[in-house]
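Pasted below: entry-v1.txt, compact mmCIF, C-alpha atoms.
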# COMPACT_ATOMS: atom_id res chain seq x y z
CA MET M 1 -1.89 13.62 20.35
CA ILE M 2 1.59 12.22 19.82
CA ILE M 3 2.22 10.39 16.55
CA THR M 4 5.36 8.37 15.90
CA LEU M 5 6.41 7.58 12.33
CA LEU M 6 9.11 4.94 11.97
CA GLY M 7 10.89 5.45 8.65
CA GLY M 8 9.23 8.85 8.69
CA ALA M 9 11.78 10.51 6.39
CA GLY M 10 11.36 7.93 3.63
CA LEU M 11 9.24 8.49 0.53
CA MET M 12 5.98 7.21 2.02
CA GLY M 13 6.69 8.45 5.54
CA ALA M 14 7.35 11.97 4.33
CA GLY M 15 4.07 11.94 2.44
CA ILE M 16 2.17 10.84 5.55
CA VAL M 17 3.83 13.66 7.50
CA ARG M 18 2.71 16.18 4.87
CA ASP M 19 -0.90 15.03 5.01
CA LEU M 20 -1.01 14.88 8.82
CA LEU M 21 0.20 18.48 9.01
CA SER M 22 -2.21 19.72 6.35
CA ASP M 23 -5.52 21.51 6.88
CA ARG M 24 -7.25 18.19 6.17
CA ALA M 25 -6.38 16.87 9.65
CA ILE M 26 -9.35 15.80 11.77
CA ILE M 27 -7.38 15.28 14.99
CA ASP M 28 -5.37 17.57 17.25
CA ILE M 29 -1.71 16.67 16.77
CA THR M 30 0.61 18.06 19.44
CA CYS M 31 3.77 16.18 18.46
CA LEU M 32 4.86 14.43 15.27
CA ARG M 33 7.85 12.27 16.08
CA ILE M 34 9.81 11.44 12.92
CA CYS M 35 12.13 8.49 13.55
CA ASP M 36 14.60 7.41 10.89
CA ALA M 37 18.17 6.21 10.36
CA ALA M 38 18.74 8.98 7.80
CA ARG M 39 19.42 12.10 9.86
CA THR M 40 20.09 14.25 6.78
CA ARG M 41 16.72 13.37 5.23
CA MET M 42 14.93 14.00 8.52
CA GLU M 43 16.51 17.41 8.90
CA ALA M 44 15.73 18.35 5.30
CA LEU M 45 12.07 17.38 5.75
CA ALA M 46 11.79 19.27 9.04
CA GLU M 47 13.41 22.35 7.52
CA GLU M 48 11.08 22.24 4.51
CA LEU M 49 7.88 21.87 6.54
CA ALA M 50 8.99 24.17 9.38
CA ASP M 51 6.30 22.94 11.78
CA PRO M 52 7.11 23.26 15.50
CA ARG M 53 5.27 20.01 16.23
CA ILE M 54 7.96 18.00 14.41
CA VAL M 55 10.49 16.21 16.63
CA LEU M 56 13.37 14.23 15.12
CA GLN M 57 14.65 11.00 16.65
CA ASP M 58 17.42 8.75 15.34
CA LEU M 59 16.24 5.17 14.80
CA ASP M 60 18.15 1.92 14.69
CA ALA M 61 15.58 -0.72 13.73
CA THR M 62 18.04 -3.50 14.63
CA ASP M 63 18.15 -2.33 18.26
CA PRO M 64 15.14 -3.26 20.46
CA GLN M 65 15.91 -0.39 22.84
CA SER M 66 15.91 2.12 19.99
CA LEU M 67 12.57 0.76 18.77
CA ALA M 68 11.06 0.90 22.24
CA GLU M 69 12.18 4.51 22.75
CA ALA M 70 10.76 5.52 19.37
CA VAL M 71 7.35 3.99 20.07
CA ARG M 72 7.03 4.76 23.78
CA GLY M 73 4.45 7.35 24.82
CA ALA M 74 2.86 7.76 21.38
CA ASP M 75 -0.86 7.59 20.70
CA ILE M 76 -0.13 5.71 17.48
CA CYS M 77 2.91 4.17 15.78
CA ILE M 78 2.91 4.41 11.99
CA ASN M 79 5.38 1.89 10.61
CA CYS M 80 6.76 3.15 7.28
CA VAL M 81 9.94 1.06 7.37
CA PRO M 82 10.01 -0.95 4.11
CA THR M 83 8.57 -4.38 4.84
CA LEU M 84 11.16 -6.31 2.87
CA LEU M 85 13.93 -4.99 5.15
CA GLY M 86 12.60 -7.55 7.64
CA PHE M 87 11.81 -5.42 10.73
CA GLN M 88 8.01 -5.55 10.55
CA MET M 89 7.41 -8.12 13.29
CA ALA M 90 9.94 -6.51 15.65
CA ILE M 91 8.20 -3.13 15.29
CA PHE M 92 4.78 -4.79 15.62
CA GLU M 93 5.91 -6.43 18.89
CA ALA M 94 7.43 -3.19 20.17
CA ALA M 95 4.05 -1.49 19.79
CA LEU M 96 2.36 -4.30 21.73
CA THR M 97 4.96 -4.14 24.51
CA GLU M 98 4.58 -0.37 24.81
CA LYS M 99 0.76 -0.63 24.46
CA VAL M 100 0.72 1.77 21.52
CA THR M 101 -1.77 1.61 18.63
CA TYR M 102 -0.04 0.31 15.50
CA ILE M 103 -0.49 0.61 11.74
CA ASP M 104 1.72 -0.27 8.78
CA LEU M 105 1.59 -0.02 5.01
CA GLY M 106 1.51 -3.77 4.43
CA GLY M 107 4.00 -5.23 2.03
CA LEU M 108 2.85 -7.97 -0.34
CA GLY M 109 1.30 -9.98 2.48
CA THR M 110 4.74 -11.02 3.73
CA TYR M 111 3.76 -10.87 7.41
CA THR M 112 -0.03 -10.61 7.21
CA VAL M 113 -0.85 -14.11 8.46
CA LYS M 114 1.70 -13.88 11.30
CA GLN M 115 0.29 -10.53 12.41
CA LEU M 116 -3.34 -11.66 12.33
CA ALA M 117 -2.38 -14.69 14.43
CA GLU M 118 -1.60 -12.25 17.27
CA HIS M 119 -5.17 -10.91 17.41
CA GLU M 120 -5.98 -12.38 20.82
CA ARG M 121 -2.72 -11.14 22.38
CA PHE M 122 -3.40 -7.59 21.20
CA LYS M 123 -7.04 -7.82 22.27
CA ALA M 124 -6.10 -9.06 25.74
CA ALA M 125 -3.58 -6.21 26.08
CA GLY M 126 -6.14 -3.64 24.91
CA VAL M 127 -3.95 -2.64 21.95
CA THR M 128 -5.24 -1.91 18.45
CA ALA M 129 -3.35 -2.81 15.27
CA VAL M 130 -4.65 -2.26 11.73
CA ILE M 131 -2.31 -3.72 9.13
CA GLY M 132 -1.83 -2.75 5.51
CA VAL M 133 -3.32 0.76 5.42
CA GLY M 134 -1.78 2.39 2.34
CA ALA M 135 -3.48 2.43 -1.05
CA ASP M 136 -3.06 -1.26 -2.00
CA PRO M 137 -3.50 -2.73 0.56
CA GLY M 138 -5.58 -0.30 2.58
CA MET M 139 -7.92 1.77 0.47
CA SER M 140 -8.38 -1.27 -1.78
CA ASN M 141 -9.67 -3.33 1.16
CA VAL M 142 -12.25 -0.65 1.95
CA ILE M 143 -13.32 -0.67 -1.72
CA CYS M 144 -13.94 -4.42 -1.40
CA ARG M 145 -16.02 -3.86 1.74
CA ALA M 146 -18.10 -1.30 -0.18
CA VAL M 147 -18.74 -3.91 -2.87
CA ALA M 148 -19.62 -6.62 -0.35
CA ASP M 149 -22.09 -4.36 1.45
CA GLU M 150 -24.18 -4.17 -1.76
CA LEU M 151 -24.63 -7.96 -1.98
CA ASP M 152 -26.56 -10.46 0.13
CA GLU M 153 -24.68 -13.37 -1.47
CA ILE M 154 -21.23 -13.11 -3.02
CA ASP M 155 -19.85 -15.33 -5.76
CA ALA M 156 -16.66 -13.36 -6.47
CA ILE M 157 -14.84 -10.12 -5.81
CA ASN M 158 -12.01 -9.32 -8.21
CA LEU M 159 -9.72 -6.45 -7.29
CA TYR M 160 -7.58 -4.52 -9.77
CA TRP M 161 -5.09 -1.67 -9.83
CA ALA M 162 -3.91 -0.03 -13.04
CA ALA M 163 -1.46 2.81 -13.56
CA GLU M 164 -0.74 4.70 -16.76
CA LEU M 165 1.54 7.57 -17.70
CA THR M 166 0.72 10.30 -20.20
CA GLY M 167 3.16 12.63 -21.91
CA ASP M 168 6.34 11.95 -23.86
CA GLU M 169 7.83 8.51 -23.44
CA ASN M 170 10.47 8.37 -20.76
CA PRO M 171 13.84 7.00 -21.99
CA VAL M 172 14.72 6.24 -18.33
CA LEU M 173 13.17 3.46 -16.24
CA MET M 174 11.57 5.11 -13.19
CA PRO M 175 10.41 2.63 -10.53
CA PRO M 176 6.85 3.42 -9.37
CA TYR M 177 7.85 2.47 -5.81
CA SER M 178 10.50 0.28 -4.16
CA VAL M 179 12.43 -1.77 -6.74
CA SER M 180 12.29 -4.83 -4.48
CA THR M 181 8.49 -4.54 -4.27
CA VAL M 182 8.09 -4.30 -8.05
CA LEU M 183 10.38 -7.28 -8.63
CA ALA M 184 8.52 -9.30 -6.00
CA GLU M 185 5.21 -8.48 -7.66
CA TYR M 186 6.54 -9.83 -10.96
CA ALA M 187 8.75 -12.70 -9.81
CA HIS M 188 7.10 -14.23 -6.74
CA GLU M 189 4.24 -16.68 -6.44
CA SER M 190 1.00 -15.26 -5.09
CA THR M 191 -1.81 -16.60 -2.94
CA GLN M 192 -5.23 -16.12 -4.52
CA PHE M 193 -8.68 -17.38 -3.46
CA TYR M 194 -10.39 -19.70 -5.92
CA GLY M 195 -13.03 -22.37 -5.40
CA GLY M 196 -13.59 -21.20 -1.85
CA LYS M 197 -10.00 -21.72 -0.72
CA HIS M 198 -6.58 -20.17 -0.94
CA MET M 199 -4.18 -21.52 -3.54
CA ILE M 200 -0.69 -20.70 -4.74
CA CYS M 201 -0.47 -19.23 -8.25
CA PRO M 202 2.69 -18.87 -10.36
CA PRO M 203 4.30 -15.46 -10.95
CA MET M 204 2.60 -13.33 -13.63
CA SER M 205 -0.24 -15.85 -13.96
CA GLY M 206 -3.95 -15.20 -14.33
CA ARG M 207 -3.43 -12.88 -17.28
CA GLU M 208 -6.58 -10.98 -18.13
CA TYR M 209 -7.28 -8.16 -20.60
CA LEU M 210 -9.76 -5.43 -19.72
CA ASP M 211 -10.81 -2.40 -21.74
CA LEU M 212 -10.73 0.65 -19.49
CA PRO M 213 -11.44 4.30 -20.31
CA GLU M 214 -8.60 6.47 -21.51
CA PRO M 215 -5.82 7.01 -20.65
CA TRP M 216 -5.57 3.34 -19.60
CA GLY M 217 -7.14 1.73 -22.66
CA ARG M 218 -6.71 -2.00 -23.08
CA CYS M 219 -4.80 -3.30 -20.05
CA GLU M 220 -3.15 -6.61 -19.35
CA PHE M 221 -3.59 -7.61 -15.70
CA MET M 222 -1.79 -10.38 -13.82
CA HIS M 223 -1.80 -12.00 -10.40
CA SER M 224 0.51 -10.40 -7.90
CA PRO M 225 1.40 -11.18 -4.27
CA HIS M 226 -0.55 -8.88 -1.96
CA SER M 227 -2.30 -9.03 1.39
CA GLU M 228 -5.88 -8.26 0.30
CA GLN M 229 -6.55 -11.79 -0.90
CA LEU M 230 -5.32 -13.14 2.45
CA THR M 231 -7.89 -11.18 4.44
CA VAL M 232 -10.91 -10.00 2.43
CA PRO M 233 -12.54 -13.40 1.67
CA LEU M 234 -12.16 -14.43 5.32
CA SER M 235 -13.54 -11.21 6.82
CA ASP M 236 -16.74 -11.03 8.83
CA GLY M 237 -19.56 -9.78 6.64
CA ILE M 238 -17.93 -11.25 3.52
CA ARG M 239 -17.01 -14.84 4.37
CA GLU M 240 -20.54 -15.81 5.45
CA LYS M 241 -22.00 -14.49 2.18
CA GLY M 242 -20.51 -17.53 0.45
CA ILE M 243 -17.66 -15.93 -1.48
CA GLN M 244 -15.91 -18.46 -3.73
CA GLU M 245 -13.41 -16.26 -5.55
CA PHE M 246 -11.18 -13.33 -4.71
CA SER M 247 -8.21 -12.19 -6.78
CA TRP M 248 -5.84 -9.25 -6.88
CA LYS M 249 -4.36 -8.23 -10.23
CA LEU M 250 -1.90 -5.56 -11.28
CA HIS M 251 -1.23 -3.48 -14.40
CA LEU M 252 1.77 -1.14 -14.60
CA PRO M 253 2.19 1.30 -17.51
CA HIS M 254 2.60 -0.61 -20.77
CA ARG M 255 6.24 0.10 -21.62
CA GLU M 256 7.42 -0.11 -18.01
CA HIS M 257 5.63 -3.46 -17.69
CA GLU M 258 7.81 -4.89 -20.46
CA ALA M 259 10.96 -3.58 -18.75
CA TRP M 260 10.13 -5.32 -15.47
CA VAL M 261 9.25 -8.54 -17.27
CA GLY M 262 12.65 -8.37 -18.97
CA LEU M 263 14.49 -7.83 -15.69
CA VAL M 264 12.78 -10.87 -14.18
CA LYS M 265 13.68 -12.92 -17.26
CA ALA M 266 17.28 -11.79 -16.80
CA GLY M 267 17.32 -13.18 -13.26
CA PHE M 268 16.74 -10.10 -11.12
CA GLY M 269 13.65 -11.71 -9.62
CA ASP M 270 16.03 -13.50 -7.21
CA PHE M 271 17.02 -10.07 -5.99
CA ASP M 272 18.25 -11.12 -2.53
CA ASP M 273 20.25 -14.16 -3.70
CA PRO M 274 23.89 -12.97 -3.87
CA VAL M 275 26.09 -13.45 -6.91
CA GLU M 276 29.87 -13.33 -6.91
CA VAL M 277 31.46 -10.43 -8.79
CA ASN M 278 35.26 -10.34 -8.80
CA GLY M 279 35.35 -12.42 -5.64
CA VAL M 280 32.79 -10.27 -3.81
CA ALA M 281 29.27 -11.48 -2.97
CA VAL M 282 26.70 -8.85 -3.96
CA LYS M 283 22.91 -8.87 -4.11
CA PRO M 284 21.32 -8.32 -7.54
CA LEU M 285 18.96 -5.82 -5.86
CA ASP M 286 21.88 -3.68 -4.70
CA ILE M 287 23.37 -3.68 -8.19
CA LEU M 288 20.07 -2.87 -9.86
CA ASN M 289 19.25 -0.05 -7.43
CA LYS M 290 22.67 1.52 -8.00
CA VAL M 291 22.40 1.27 -11.78
CA ILE M 292 18.84 2.62 -11.90
CA ASN M 293 19.65 5.52 -9.57
CA ARG M 294 22.83 6.34 -11.50
CA ASN M 295 20.91 6.27 -14.75
CA ILE M 296 18.27 8.60 -13.37
CA GLU M 297 20.90 11.10 -12.18
CA ARG M 298 22.91 10.97 -15.40
CA ASN M 299 19.85 11.45 -17.58
CA ARG M 300 17.78 13.75 -15.42
CA ASP M 301 17.64 16.37 -18.19
CA LYS M 302 16.10 13.78 -20.52
CA ILE M 303 13.28 12.79 -18.20
CA PRO M 304 10.07 14.32 -19.60
CA ALA M 305 7.17 15.65 -17.61
CA GLN M 306 4.64 12.84 -17.29
CA ASP M 307 1.29 12.67 -15.57
CA SER M 308 0.38 9.58 -13.58
CA HIS M 309 -3.17 8.19 -13.66
CA GLU M 310 -4.35 5.43 -11.33
CA ILE M 311 -7.56 3.45 -11.11
CA HIS M 312 -8.31 1.12 -8.22
CA PHE M 313 -11.45 -0.95 -8.65
CA ALA M 314 -13.24 -4.01 -7.37
CA VAL M 315 -15.90 -5.95 -9.25
CA GLY M 316 -18.28 -8.07 -7.21
CA THR M 317 -20.83 -10.56 -8.51
CA GLY M 318 -23.61 -12.21 -6.56
CA ARG M 319 -27.18 -11.58 -5.57
CA LYS M 320 -29.21 -8.86 -3.86
CA ASP M 321 -32.79 -9.60 -2.80
CA GLY M 322 -32.56 -12.84 -4.78
CA LYS M 323 -31.62 -11.11 -8.04
CA ALA M 324 -28.25 -11.34 -9.81
CA ARG M 325 -26.18 -8.21 -9.36
CA THR M 326 -22.77 -6.91 -10.36
CA VAL M 327 -21.22 -4.14 -8.29
CA THR M 328 -18.18 -2.10 -9.31
CA VAL M 329 -16.54 0.44 -7.02
CA ASN M 330 -13.85 2.67 -8.53
CA VAL M 331 -11.36 5.11 -7.06
CA VAL M 332 -9.62 7.21 -9.70
CA VAL M 333 -6.52 9.28 -8.95
CA GLU M 334 -5.79 11.86 -11.63
CA PRO M 335 -3.06 14.53 -11.84
CA GLU M 336 -3.76 17.22 -9.26
CA PRO M 337 -1.61 20.13 -7.95
CA LEU M 338 -2.37 18.92 -4.42
CA TYR M 339 -0.22 15.83 -5.05
CA GLU M 340 2.90 17.60 -6.35
CA PRO M 341 4.95 17.44 -3.11
CA TYR M 342 4.21 13.69 -2.80
CA VAL M 343 6.05 10.77 -4.38
CA ASP M 344 2.97 8.53 -4.08
CA ALA M 345 0.08 10.62 -2.79
CA CYS M 346 -2.39 7.76 -2.84
CA THR M 347 -0.38 5.48 -0.56
CA SER M 348 0.79 8.14 1.87
CA MET M 349 -2.53 10.00 2.08
CA ASN M 350 -4.33 6.75 2.82
CA GLY M 351 -1.83 5.98 5.57
CA SER M 352 -2.65 9.36 7.09
CA ILE M 353 -6.42 8.79 6.68
CA ALA M 354 -6.20 5.46 8.49
CA ALA M 355 -4.19 6.87 11.39
CA GLN M 356 -6.56 9.79 11.86
CA LEU M 357 -9.76 7.74 11.68
CA ILE M 358 -8.38 5.32 14.27
CA LEU M 359 -7.44 8.16 16.62
CA ALA M 360 -10.68 10.09 16.07
CA GLN M 361 -12.93 7.20 17.12
CA SER M 362 -13.19 4.59 19.86
CA LYS M 363 -10.57 1.93 19.24
CA LYS M 364 -11.21 -1.80 18.80
CA PRO M 365 -8.40 -3.80 20.44
CA GLY M 366 -6.98 -6.63 18.37
CA VAL M 367 -5.30 -7.05 14.99
CA TRP M 368 -7.50 -6.07 12.06
CA ALA M 369 -7.44 -5.80 8.30
CA PRO M 370 -8.78 -2.47 6.94
CA GLU M 371 -12.03 -3.95 5.59
CA GLU M 372 -12.89 -5.10 9.13
CA TYR M 373 -12.07 -1.83 10.84
CA PHE M 374 -13.18 1.22 8.86
CA ASP M 375 -16.65 2.56 8.14
CA VAL M 376 -16.98 2.86 4.36
CA PRO M 377 -18.89 6.19 4.08
CA THR M 378 -16.58 7.91 6.58
CA TYR M 379 -13.50 6.60 4.80
CA PHE M 380 -14.77 7.63 1.36
CA ARG M 381 -15.47 11.17 2.60
CA GLU M 382 -11.79 11.45 3.54
CA LEU M 383 -10.79 10.24 0.06
CA GLU M 384 -12.97 12.86 -1.58
CA LYS M 385 -11.41 15.60 0.58
CA ARG M 386 -8.13 14.64 -1.09
CA LYS M 387 -9.54 14.84 -4.64
CA PHE M 388 -9.80 11.06 -5.15
CA LYS M 389 -12.83 10.29 -7.31
CA VAL M 390 -15.05 7.56 -5.85
CA SER M 391 -17.87 5.99 -7.85
CA LYS M 392 -20.15 2.96 -7.64
CA VAL M 393 -21.93 1.19 -10.50
CA LEU M 394 -24.71 -1.36 -9.90
CA SER M 395 -26.02 -3.62 -12.66

Conversion result in structure tokens:
Amino acid sequence: MIITLLGGAGLMGAGIVRDLLSDRAIIDITCLRICDAARTRMEALAEELADPRIVLQDLDATDPQSLAEAVRGADICINCVPTLLGFQMAIFEAALTEKVTYIDLGGLGTYTVKQLAEHERFKAAGVTAVIGVGADPGMSNVICRAVADELDEIDAINLYWAAELTGDENPVLMPPYSVSTVLAEYAHESTQFYGGKHMICPPMSGREYLDLPEPWGRCEFMHSPHSEQLTVPLSDGIREKGIQEFSWKLHLPHREHEAWVGLVKAGFGDFDDPVEVNGVAVKPLDILNKVINRNIERNRDKIPAQDSHEIHFAVGTGRKDGKARTVTVNVVVEPEPLYEPYVDACTSMNGSIAAQLILAQSKKPGVWAPEEYFDVPTYFRELEKRKFKVSKVLS
């Protein structure tokens, strides 16, 4: 099989490449086409992994011909180009034109509704697209499906993600992923599902405190823009069970949370709105990225070893066989030597899982959210192969 990764030398793309080439693969990969604008990064990744199946291809995402050549002939196109760069729909359309199966890592729901609106076009063309297949969205959607499958009637499903760091406090702010994504999560309105309908909620609203096991402890969660709430309550097998509430809430490590709140208060939430500095228009995001990266490089010797702990969980309430029931499904990601070469093992490994499960089975043409496409037990087995701890509690 031929797999194309657009943005394949980036942080998430490189992680997907690592997992695809590992002994966990369940498909026969003959060619892994890494397409990126950063030739130096591509060459460094290829040299490190030293796998003869890797082929490098320069990518210009602004050029339709370059996109078409990158996608053409592949069995699947994995779009790892950051969503907020604005190329998602062009890549999505290129896959349809070339009749190539498509997946992406989502991106705060920015293009989710537009992509789902193309379901009939993809179905008519016999092309499969599954959108938002990282950790959140992606794995989180499958967790919600696992919850829904335990209930005959659903009142609410509330989805959460919490991260915590252990070890000495870091004097340097280290973004957990793209700076633009973090700022958007803190500064942008979000669409949630309350009272049986979607509604717009203010940034950092819906604050809720939950007591979790250590190392998370007492966590403050807040609404955040994501794609799960745009798809899960409308999905077949969930919608008809009467769901009235679905929310997605985020908790970043305690001290880092305060730093991001402060940056938004300072005005960096409008990260793409240029300001004039000495007669030159510059984007706050560009300034912030440069300062953060410079600070990391200058203080690299002061950055302590820290372990990252994640918990992804959904809590569903409703009824089973006429009796009230609460269902909680957790996926815990703890420090593990397996994850050391990865920047974000959970997101990139889930991208790889999704691609492989799609290729290993008969495809369903159309545009799908993960909770509509993947079989829960099969998906969870792949998580457990990667040392993610899956559990379910019924009460």

Show which residues sit within 8 Å of stretch 255-270 of chain M, as a PDB file with C-alpha atoms, in the frame of the given file. Count all atoms listed in the file, and ignore same-chain residues fewer than 3 positions away.
ATOM      1  CA  LEU M 173      13.170   3.460 -16.240  1.00  0.00           C
ATOM      2  CA  VAL M 182       8.090  -4.300  -8.050  1.00  0.00           C
ATOM      3  CA  LEU M 183      10.380  -7.280  -8.630  1.00  0.00           C
ATOM      4  CA  ALA M 184       8.520  -9.300  -6.000  1.00  0.00           C
ATOM      5  CA  TYR M 186       6.540  -9.830 -10.960  1.00  0.00           C
ATOM      6  CA  ALA M 187       8.750 -12.700  -9.810  1.00  0.00           C
ATOM      7  CA  HIS M 188       7.100 -14.230  -6.740  1.00  0.00           C
ATOM      8  CA  HIS M 251      -1.230  -3.480 -14.400  1.00  0.00           C
ATOM      9  CA  LEU M 252       1.770  -1.140 -14.600  1.00  0.00           C
ATOM     10  CA  ASP M 273      20.250 -14.160  -3.700  1.00  0.00           C
ATOM     11  CA  PRO M 284      21.320  -8.320  -7.540  1.00  0.00           C
ATOM     12  CA  LEU M 285      18.960  -5.820  -5.860  1.00  0.00           C
TER      13      LEU M 285
END

Inset, instruction - Considering only C-alpha atoms, return as a ChimeraX atom specification whatever protein or nucleic-acid residues lie within 8 Å of M:Pro253, sequence-local ones (same chain, fewer than 5 positions apart) excluded. - result: /M:162-165

Inset, instruction - Between atom CA of M:Glu169 and atom CA of M:Pro215, measure the distance and give it in Å to one decimal. - result: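 Value for the atom CA of M:Glu169-atom CA of M:Pro215 distance: 14.0 Å.
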
Inset, instruction - Find the distance between atom CA of M:Glu189 and atom CA of M:Val172 and write it in Å to one decimal. - result: 27.9 Å

Inset, instruction - Give me, please, the distance in Å between atom CA of M:Ala156 and atom CA of M:Gln244, quoted to one decimal. - result: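 Taking atom CA of M:Ala156 as the start and atom CA of M:Gln244 as the end point, the length is 5.8 Å.
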
Inset, instruction - Would you please work out which residue, of M:Pro176, M:Pro304, M:Gly138, M:Pro335, is nearest to M:Ala369 when using only C-alpha atoms? - result: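 Comparing M:Pro176, M:Pro304, M:Gly138, M:Pro335 against M:Ala369, the winner is M:Gly138.
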
With 9 Å as the cut-off and all atoms listed in the file counted, what is the closest atom pair between each nearby residue of stretch 152-207 of chain M and stretch 107-112 of chain M? Distances in Å to one decimal, ordered by chain and number, as JSON lines.
{"residue": "M:Thr181", "atom": "CA", "partner": "M:Leu108", "partner_atom": "CA", "distance": 7.7}
{"residue": "M:Ala184", "atom": "CA", "partner": "M:Leu108", "partner_atom": "CA", "distance": 8.1}
{"residue": "M:Glu185", "atom": "CA", "partner": "M:Leu108", "partner_atom": "CA", "distance": 7.7}
{"residue": "M:Ser190", "atom": "CA", "partner": "M:Leu108", "partner_atom": "CA", "distance": 8.9}

Inset, instruction - Dump as number ranges by chain all residues having an atom at most 10 Å from (17.8, 9.1, 8.3), computed in the file's coordinates with only C-alpha atoms. - result: M: 7-10, 34-44, 56-60

Which centre and edge lengths in Å to one decimal define the box along x, y and z that fits every listed atom of stretch 19-23 of chain M plus 3 Å per side, as lines of an AutoDock Vina configuration file?
center_x = -2.7
center_y = 18.2
center_z = 7.0
size_x = 11.7
size_y = 12.6
size_z = 10.0

Env of M:His198: 10 Å cut, atoms = only C-alpha atoms, seq-sep filter 3 positions within chain, self excluded. Answer as an mmCIF file with C-alpha atoms, in the frame of the given file.
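Written output follows (out-v9.cif):
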data_model
loop_
_atom_site.group_PDB
_atom_site.id
_atom_site.type_symbol
_atom_site.label_atom_id
_atom_site.label_comp_id
_atom_site.auth_asym_id
_atom_site.auth_seq_id
_atom_site.Cartn_x
_atom_site.Cartn_y
_atom_site.Cartn_z
ATOM 1 C CA SER M 190 1.000 -15.260 -5.090
ATOM 2 C CA THR M 191 -1.810 -16.600 -2.940
ATOM 3 C CA GLN M 192 -5.230 -16.120 -4.520
ATOM 4 C CA PHE M 193 -8.680 -17.380 -3.460
ATOM 5 C CA TYR M 194 -10.390 -19.700 -5.920
ATOM 6 C CA GLY M 195 -13.030 -22.370 -5.400
ATOM 7 C CA CYS M 201 -0.470 -19.230 -8.250
ATOM 8 C CA GLN M 229 -6.550 -11.790 -0.900
ATOM 9 C CA LEU M 230 -5.320 -13.140 2.450
ATOM 10 C CA PRO M 233 -12.540 -13.400 1.670
ATOM 11 C CA GLN M 244 -15.910 -18.460 -3.730
ATOM 12 C CA GLU M 245 -13.410 -16.260 -5.550
ATOM 13 C CA PHE M 246 -11.180 -13.330 -4.710
#

Missing atoms in stretch 270-281 of chain M: can you complete it with N, CA and C atoms, as a PDB file, keeping the file's coordinate frame?
ATOM      1  N   ASP M 270      15.354 -12.971  -8.409  1.00  0.00           N
ATOM      2  CA  ASP M 270      16.030 -13.500  -7.210  1.00  0.00           C
ATOM      3  C   ASP M 270      16.908 -12.395  -6.630  1.00  0.00           C
ATOM      4  N   PHE M 271      16.268 -11.282  -6.268  1.00  0.00           N
ATOM      5  CA  PHE M 271      17.020 -10.070  -5.990  1.00  0.00           C
ATOM      6  C   PHE M 271      17.833 -10.115  -4.700  1.00  0.00           C
ATOM      7  N   ASP M 272      17.503 -11.034  -3.784  1.00  0.00           N
ATOM      8  CA  ASP M 272      18.250 -11.120  -2.530  1.00  0.00           C
ATOM      9  C   ASP M 272      19.239 -12.282  -2.512  1.00  0.00           C
ATOM     10  N   ASP M 273      19.331 -13.021  -3.610  1.00  0.00           N
ATOM     11  CA  ASP M 273      20.250 -14.160  -3.700  1.00  0.00           C
ATOM     12  C   ASP M 273      21.581 -13.668  -4.257  1.00  0.00           C
ATOM     13  N   PRO M 274      22.639 -13.602  -3.429  1.00  0.00           N
ATOM     14  CA  PRO M 274      23.890 -12.970  -3.870  1.00  0.00           C
ATOM     15  C   PRO M 274      24.546 -13.708  -5.044  1.00  0.00           C
ATOM     16  N   VAL M 275      25.231 -12.916  -5.857  1.00  0.00           N
ATOM     17  CA  VAL M 275      26.090 -13.450  -6.910  1.00  0.00           C
ATOM     18  C   VAL M 275      27.503 -12.977  -6.622  1.00  0.00           C
ATOM     19  N   GLU M 276      28.474 -13.702  -7.149  1.00  0.00           N
ATOM     20  CA  GLU M 276      29.870 -13.330  -6.910  1.00  0.00           C
ATOM     21  C   GLU M 276      30.386 -12.496  -8.078  1.00  0.00           C
ATOM     22  N   VAL M 277      30.891 -11.320  -7.784  1.00  0.00           N
ATOM     23  CA  VAL M 277      31.460 -10.430  -8.790  1.00  0.00           C
ATOM     24  C   VAL M 277      32.881 -10.087  -8.365  1.00  0.00           C
ATOM     25  N   ASN M 278      33.841 -10.572  -9.128  1.00  0.00           N
ATOM     26  CA  ASN M 278      35.260 -10.340  -8.800  1.00  0.00           C
ATOM     27  C   ASN M 278      35.583 -10.736  -7.366  1.00  0.00           C
ATOM     28  N   GLY M 279      35.048 -11.891  -6.966  1.00  0.00           N
ATOM     29  CA  GLY M 279      35.350 -12.420  -5.640  1.00  0.00           C
ATOM     30  C   GLY M 279      34.547 -11.814  -4.510  1.00  0.00           C
ATOM     31  N   VAL M 280      33.614 -10.925  -4.836  1.00  0.00           N
ATOM     32  CA  VAL M 280      32.790 -10.270  -3.810  1.00  0.00           C
ATOM     33  C   VAL M 280      31.333 -10.683  -3.995  1.00  0.00           C
ATOM     34  N   ALA M 281      30.682 -11.104  -2.912  1.00  0.00           N
ATOM     35  CA  ALA M 281      29.270 -11.480  -2.970  1.00  0.00           C
ATOM     36  C   ALA M 281      28.418 -10.213  -2.912  1.00  0.00           C
TER      37      ALA M 281
END
